[in-house]
Amino acid sequence: MSDTRERSVVVCGEGLVDLVPVGENFSPKLGGGPFNVAIAVGRLGSDVGFVSRLSTDAFGDRMIDSLAASNVDTTGVERGSEPTTLAVVNLAADGGARYSFYLEGTADRQFALPKLPSARAFSFGTLSLVLEPGASAYEAMLHEAHARGRLTMVDPNIRPAVISDPEAYRRRFRSWLPAIDILKVSDDDAKWLGSVDGAEWLDEGVGAVLLTRGGDGLRLITKELDVSVPAPAVDVADTIGAGDTVHGALLAYLDRHDALDVAVVRAFSEADWSAALTFAARAAAVTVSRPGADPPWSRELGLPV
């Protein structure tokens, strides 16, 4: 980043376009797990930057504009002439989403390792940790951020369709665990990774495991605590971006409470985590109430702007 001041949060990873079914057609919606997380953090009032590689095509231009409109700094974004990644979304009757991808030769996977920007917390996840050569660059950033004592949060956000060697990915995932302070996974992600609830990952260095459980709410476990909060009742349009909103809202909450710090987070009490998770669940409820990944703004949650 050319802007050298310390930011609250830097989100690292891909931006892409979701092709969401609308009647018999598809509507392009900007997305990608890290892109959605950055949007959520920015809309909720935190000083956030995005580190990625985006296409110079029209979709890439729209992503840059959307990030800027949501108060996300984009000076850490590389641009390339390769096309934007496309994700075709298949919605189930309950609003759940499944994805297939068009990935070959796309811009985001060509990401090259930059100088680590200055930030109190770093976020990683989804396709950017799978697709080479970019995955190795993001992985190196994760380990460097951890070595510098910065708070790290990771959401593997498993997409089985793009993981050609599941066992190799699972081994790689385990190599990240000592460098992760907060690991966010869905119930399905945990099962795919070979765990019931991720509790065993705490023994490998993870500070806290945050489980998203759809309509059953959120659960967070540490070596000392097991905290759950319900999901607010809401009419669900679809679940696109729900987990990403939880991720971003939690980082924004920690920022608002001056808790983007490894020691502070690892000392959180049950009451601290309950309040943080309740905020994240409220934010996600807004997202699922409207189509596509559209995280809430501070004012929608009654927060000062």
# chains A, B, ... in the order shown; residues from 1 in each chain; ligands from 1
call {"tool": "select_by_dssp", "arguments": {"residues": "range 48-254 of chain A", "states": "strand (DSSP E or B)", "output": "JSON, numbers by chain"}}
result
{"A": [48, 49, 50, 51, 52, 53, 54, 55, 72, 73, 77, 78, 79, 80, 86, 87, 88, 89, 90, 91, 97, 98, 99, 100, 101, 102, 119, 120, 121, 122, 123, 124, 125, 151, 152, 153, 154, 155, 182, 183, 184, 185, 186, 208, 209, 210, 211, 212, 218, 219, 220, 221, 226, 227, 228, 229]}
call {"tool": "closest_atom_pairs", "arguments": {"of": "range 91-203 of chain A", "to": "range 56-67 of chain A", "cutoff": "12 Å", "atoms": "only C-alpha atoms", "output": "CSV"}}
result
residue,atom,partner,partner_atom,distance
A:Thr106,CA,A:Asp57,CA,10.9
A:Ala107,CA,A:Thr56,CA,8.7
A:Asp108,CA,A:Gly60,CA,10.1
call {"tool": "select_by_dssp", "arguments": {"residues": "range 137-218 of chain A", "states": "alpha helix (DSSP H)", "output": "list in words"}}
result
Ala137, Tyr138, Glu139, Ala140, Met141, Leu142, His143, Glu144, Ala145, His146, Ala147, Pro166, Glu167, Ala168, Tyr169, Arg170, Arg171, Arg172, Phe173, Arg174, Ser175, Trp176, Asp187, Asp188, Asp189, Ala190, Lys191 and Trp192 of chain A
call {"tool": "write_last_selection", "arguments": {"atoms": "C-alpha atoms", "output": "mmCIF file, in the first residue's frame"}}
result
data_model
loop_
_atom_site.group_PDB
_atom_site.id
_atom_site.type_symbol
_atom_site.label_atom_id
_atom_site.label_comp_id
_atom_site.auth_asym_id
_atom_site.auth_seq_id
_atom_site.Cartn_x
_atom_site.Cartn_y
_atom_site.Cartn_z
ATOM 1 C CA ALA A 137 1.419 -15.474 -1.600
ATOM 2 C CA TYR A 138 -1.605 -15.088 0.678
ATOM 3 C CA GLU A 139 -0.351 -17.948 2.861
ATOM 4 C CA ALA A 140 2.987 -16.182 3.277
ATOM 5 C CA MET A 141 1.159 -12.992 4.303
ATOM 6 C CA LEU A 142 -0.786 -14.929 6.953
ATOM 7 C CA HIS A 143 2.378 -16.318 8.498
ATOM 8 C CA GLU A 144 4.150 -12.954 8.364
ATOM 9 C CA ALA A 145 1.215 -11.156 10.011
ATOM 10 C CA HIS A 146 1.190 -13.757 12.784
ATOM 11 C CA ALA A 147 4.966 -13.497 13.253
ATOM 12 C CA PRO A 166 -8.899 -32.645 -0.708
ATOM 13 C CA GLU A 167 -6.330 -34.435 1.456
ATOM 14 C CA ALA A 168 -3.524 -32.136 0.312
ATOM 15 C CA TYR A 169 -5.718 -29.128 1.101
ATOM 16 C CA ARG A 170 -6.553 -30.507 4.556
ATOM 17 C CA ARG A 171 -2.840 -30.916 5.306
ATOM 18 C CA ARG A 172 -2.195 -27.377 4.131
ATOM 19 C CA PHE A 173 -5.071 -26.094 6.241
ATOM 20 C CA ARG A 174 -3.576 -27.686 9.344
ATOM 21 C CA SER A 175 -0.279 -25.929 8.633
ATOM 22 C CA TRP A 176 -2.063 -22.583 9.013
ATOM 23 C CA ASP A 187 -20.763 -26.556 10.296
ATOM 24 C CA ASP A 188 -20.358 -27.993 6.803
ATOM 25 C CA ASP A 189 -16.818 -26.626 6.487
ATOM 26 C CA ALA A 190 -15.815 -28.239 9.777
ATOM 27 C CA LYS A 191 -17.168 -31.600 8.689
ATOM 28 C CA TRP A 192 -15.435 -31.394 5.301
#
call {"tool": "residues_around", "arguments": {"residues": "Gly32 in chain A", "least_positions_apart": "4", "cutoff": "7 Å", "atoms": "only C-alpha atoms", "output": "PDB file with N, CA, C and O atoms, in the first residue's frame"}}
result
ATOM      1  N   GLU A  14      -9.724 -12.711  -2.755  1.00  0.00           N
ATOM      2  CA  GLU A  14     -10.292 -12.466  -4.076  1.00  0.00           C
ATOM      3  C   GLU A  14     -11.568 -11.637  -4.067  1.00  0.00           C
ATOM      4  O   GLU A  14     -12.311 -11.593  -3.083  1.00  0.00           O
ATOM      5  N   GLY A  15     -11.793 -11.005  -5.222  1.00  0.00           N
ATOM      6  CA  GLY A  15     -13.094 -10.471  -5.584  1.00  0.00           C
ATOM      7  C   GLY A  15     -13.533 -11.171  -6.854  1.00  0.00           C
ATOM      8  O   GLY A  15     -12.701 -11.487  -7.714  1.00  0.00           O
ATOM      9  N   LEU A  16     -14.805 -11.444  -6.977  1.00  0.00           N
ATOM     10  CA  LEU A  16     -15.320 -12.118  -8.167  1.00  0.00           C
ATOM     11  C   LEU A  16     -16.751 -11.666  -8.423  1.00  0.00           C
ATOM     12  O   LEU A  16     -17.276 -10.801  -7.720  1.00  0.00           O
ATOM     13  N   ASN A  36     -16.504  -9.487   0.152  1.00  0.00           N
ATOM     14  CA  ASN A  36     -17.681  -9.243   0.997  1.00  0.00           C
ATOM     15  C   ASN A  36     -17.282  -8.858   2.417  1.00  0.00           C
ATOM     16  O   ASN A  36     -17.921  -8.000   3.043  1.00  0.00           O
TER      17      ASN A  36
END
call {"tool": "closest_residue", "arguments": {"among": "A:Val206, A:Val229, A:Leu19, A:Val41", "to": "Ser298 in chain A", "atoms": "only C-alpha atoms"}}
result
A:Val41
call {"tool": "closest_residue", "arguments": {"among": "A:Arg109, A:Arg5, A:Lys184, A:Arg290", "to": "Asp47 in chain A", "atoms": "only C-alpha atoms"}}
result
A:Arg5
call {"tool": "closest_atom_pairs", "arguments": {"of": "range 16-43 of chain A", "to": "range 252-258 of chain A", "cutoff": "12 Å", "atoms": "only C-alpha atoms", "output": "CSV"}}
result
residue,atom,partner,partner_atom,distance
A:Val37,CA,A:Ala252,CA,10.1
A:Ala38,CA,A:Ala252,CA,10.0
A:Ile39,CA,A:Ala252,CA,10.9
A:Ala40,CA,A:Ala252,CA,8.2
A:Val41,CA,A:Ala252,CA,5.4
A:Gly42,CA,A:Ala252,CA,8.2
A:Arg43,CA,A:Ala252,CA,9.1
call {"tool": "write_last_selection", "arguments": {"atoms": "N, CA and C atoms", "output": "PDB file, in the first residue's frame"}}
result
ATOM      1  N   VAL A  37     -16.243  -9.508   2.940  1.00  0.00           N
ATOM      2  CA  VAL A  37     -15.781  -9.177   4.291  1.00  0.00           C
ATOM      3  C   VAL A  37     -15.321  -7.728   4.344  1.00  0.00           C
ATOM      4  N   ALA A  38     -14.534  -7.310   3.360  1.00  0.00           N
ATOM      5  CA  ALA A  38     -14.045  -5.933   3.333  1.00  0.00           C
ATOM      6  C   ALA A  38     -15.199  -4.941   3.266  1.00  0.00           C
ATOM      7  N   ILE A  39     -16.199  -5.236   2.431  1.00  0.00           N
ATOM      8  CA  ILE A  39     -17.374  -4.367   2.327  1.00  0.00           C
ATOM      9  C   ILE A  39     -18.075  -4.259   3.677  1.00  0.00           C
ATOM     10  N   ALA A  40     -18.244  -5.398   4.360  1.00  0.00           N
ATOM     11  CA  ALA A  40     -18.915  -5.387   5.661  1.00  0.00           C
ATOM     12  C   ALA A  40     -18.140  -4.556   6.677  1.00  0.00           C
ATOM     13  N   VAL A  41     -16.827  -4.740   6.730  1.00  0.00           N
ATOM     14  CA  VAL A  41     -16.021  -3.982   7.689  1.00  0.00           C
ATOM     15  C   VAL A  41     -16.113  -2.484   7.399  1.00  0.00           C
ATOM     16  N   GLY A  42     -16.012  -2.119   6.122  1.00  0.00           N
ATOM     17  CA  GLY A  42     -16.079  -0.712   5.763  1.00  0.00           C
ATOM     18  C   GLY A  42     -17.423  -0.085   6.069  1.00  0.00           C
ATOM     19  N   ARG A  43     -18.495  -0.789   5.751  1.00  0.00           N
ATOM     20  CA  ARG A  43     -19.831  -0.240   6.002  1.00  0.00           C
ATOM     21  C   ARG A  43     -20.126  -0.098   7.495  1.00  0.00           C
TER      22      ARG A  43
END
call {"tool": "atom_distance", "arguments": {"atom1": "CA of Leu116 in chain A", "atom2": "CA of Arg148 in chain A"}}
result
10.1 Å
call {"tool": "closest_residue", "arguments": {"among": "A:Leu193, A:Thr75, A:Ala276, A:Leu44", "to": "Pro295 in chain A", "atoms": "only C-alpha atoms"}}
result
A:Leu44
call {"tool": "atom_distance", "arguments": {"atom1": "CA of Val209 in chain A", "atom2": "CA of Thr222 in chain A"}}
result
6.6 Å
call {"tool": "closest_residue", "arguments": {"among": "A:Pro117, A:Gly80, A:Ile158, A:Ala92", "to": "Gly105 in chain A", "atoms": "only C-alpha atoms"}}
result
A:Gly80
call {"tool": "residues_around", "arguments": {"residues": "Ala275 in chain A", "least_positions_apart": "4", "cutoff": "12 Å", "atoms": "only C-alpha atoms", "output": "mmCIF file with N, CA and C atoms, in the first residue's frame"}}
result
data_model
loop_
_atom_site.group_PDB
_atom_site.id
_atom_site.type_symbol
_atom_site.label_atom_id
_atom_site.label_comp_id
_atom_site.auth_asym_id
_atom_site.auth_seq_id
_atom_site.Cartn_x
_atom_site.Cartn_y
_atom_site.Cartn_z
ATOM 1 N N LEU A 218 -24.814 -18.784 16.067
ATOM 2 C CA LEU A 218 -23.357 -18.817 16.114
ATOM 3 C C LEU A 218 -22.880 -19.489 17.394
ATOM 4 N N LEU A 220 -19.045 -20.149 19.494
ATOM 5 C CA LEU A 220 -17.611 -19.915 19.561
ATOM 6 C C LEU A 220 -17.020 -20.722 20.700
ATOM 7 N N VAL A 227 -19.479 -20.641 23.826
ATOM 8 C CA VAL A 227 -20.501 -19.594 23.846
ATOM 9 C C VAL A 227 -21.368 -19.697 22.599
ATOM 10 N N SER A 228 -22.683 -19.642 22.761
ATOM 11 C CA SER A 228 -23.611 -19.688 21.626
ATOM 12 C C SER A 228 -24.590 -18.534 21.711
ATOM 13 N N VAL A 229 -24.977 -18.019 20.545
ATOM 14 C CA VAL A 229 -26.043 -17.017 20.454
ATOM 15 C C VAL A 229 -26.989 -17.438 19.338
ATOM 16 N N PRO A 230 -28.282 -17.144 19.472
ATOM 17 C CA PRO A 230 -29.245 -17.533 18.432
ATOM 18 C C PRO A 230 -29.179 -16.603 17.229
ATOM 19 N N ALA A 249 -18.368 -8.319 10.439
ATOM 20 C CA ALA A 249 -19.000 -7.654 11.580
ATOM 21 C C ALA A 249 -18.229 -7.923 12.863
ATOM 22 N N LEU A 250 -17.700 -9.136 13.009
ATOM 23 C CA LEU A 250 -16.920 -9.424 14.208
ATOM 24 C C LEU A 250 -15.663 -8.554 14.252
ATOM 25 N N TYR A 253 -16.694 -5.082 15.164
ATOM 26 C CA TYR A 253 -17.027 -5.017 16.592
ATOM 27 C C TYR A 253 -15.754 -4.933 17.431
ATOM 28 N N LEU A 254 -14.791 -5.789 17.129
ATOM 29 C CA LEU A 254 -13.541 -5.768 17.883
ATOM 30 C C LEU A 254 -12.858 -4.414 17.749
ATOM 31 N N HIS A 257 -14.400 -1.780 19.901
ATOM 32 C CA HIS A 257 -14.145 -1.998 21.330
ATOM 33 C C HIS A 257 -12.655 -2.089 21.634
ATOM 34 N N PHE A 268 -10.707 -12.681 26.195
ATOM 35 C CA PHE A 268 -12.136 -12.365 26.222
ATOM 36 C C PHE A 268 -12.889 -13.302 27.163
ATOM 37 N N SER A 269 -13.860 -12.719 27.873
ATOM 38 C CA SER A 269 -14.726 -13.486 28.760
ATOM 39 C C SER A 269 -15.935 -14.008 27.989
ATOM 40 N N GLU A 270 -16.723 -14.835 28.634
ATOM 41 C CA GLU A 270 -17.956 -15.323 28.008
ATOM 42 C C GLU A 270 -18.871 -14.162 27.648
ATOM 43 N N ALA A 271 -18.975 -13.162 28.542
ATOM 44 C CA ALA A 271 -19.825 -12.000 28.268
ATOM 45 C C ALA A 271 -19.296 -11.205 27.076
ATOM 46 N N PHE A 279 -23.769 -9.160 18.052
ATOM 47 C CA PHE A 279 -23.635 -8.107 17.038
ATOM 48 C C PHE A 279 -23.454 -8.712 15.652
ATOM 49 N N ALA A 280 -22.576 -9.705 15.542
ATOM 50 C CA ALA A 280 -22.322 -10.330 14.241
ATOM 51 C C ALA A 280 -23.570 -11.014 13.700
ATOM 52 N N ALA A 281 -24.347 -11.658 14.581
ATOM 53 C CA ALA A 281 -25.579 -12.322 14.154
ATOM 54 C C ALA A 281 -26.610 -11.311 13.676
ATOM 55 N N ARG A 282 -26.695 -10.179 14.340
ATOM 56 C CA ARG A 282 -27.621 -9.128 13.910
ATOM 57 C C ARG A 282 -27.246 -8.622 12.519
#
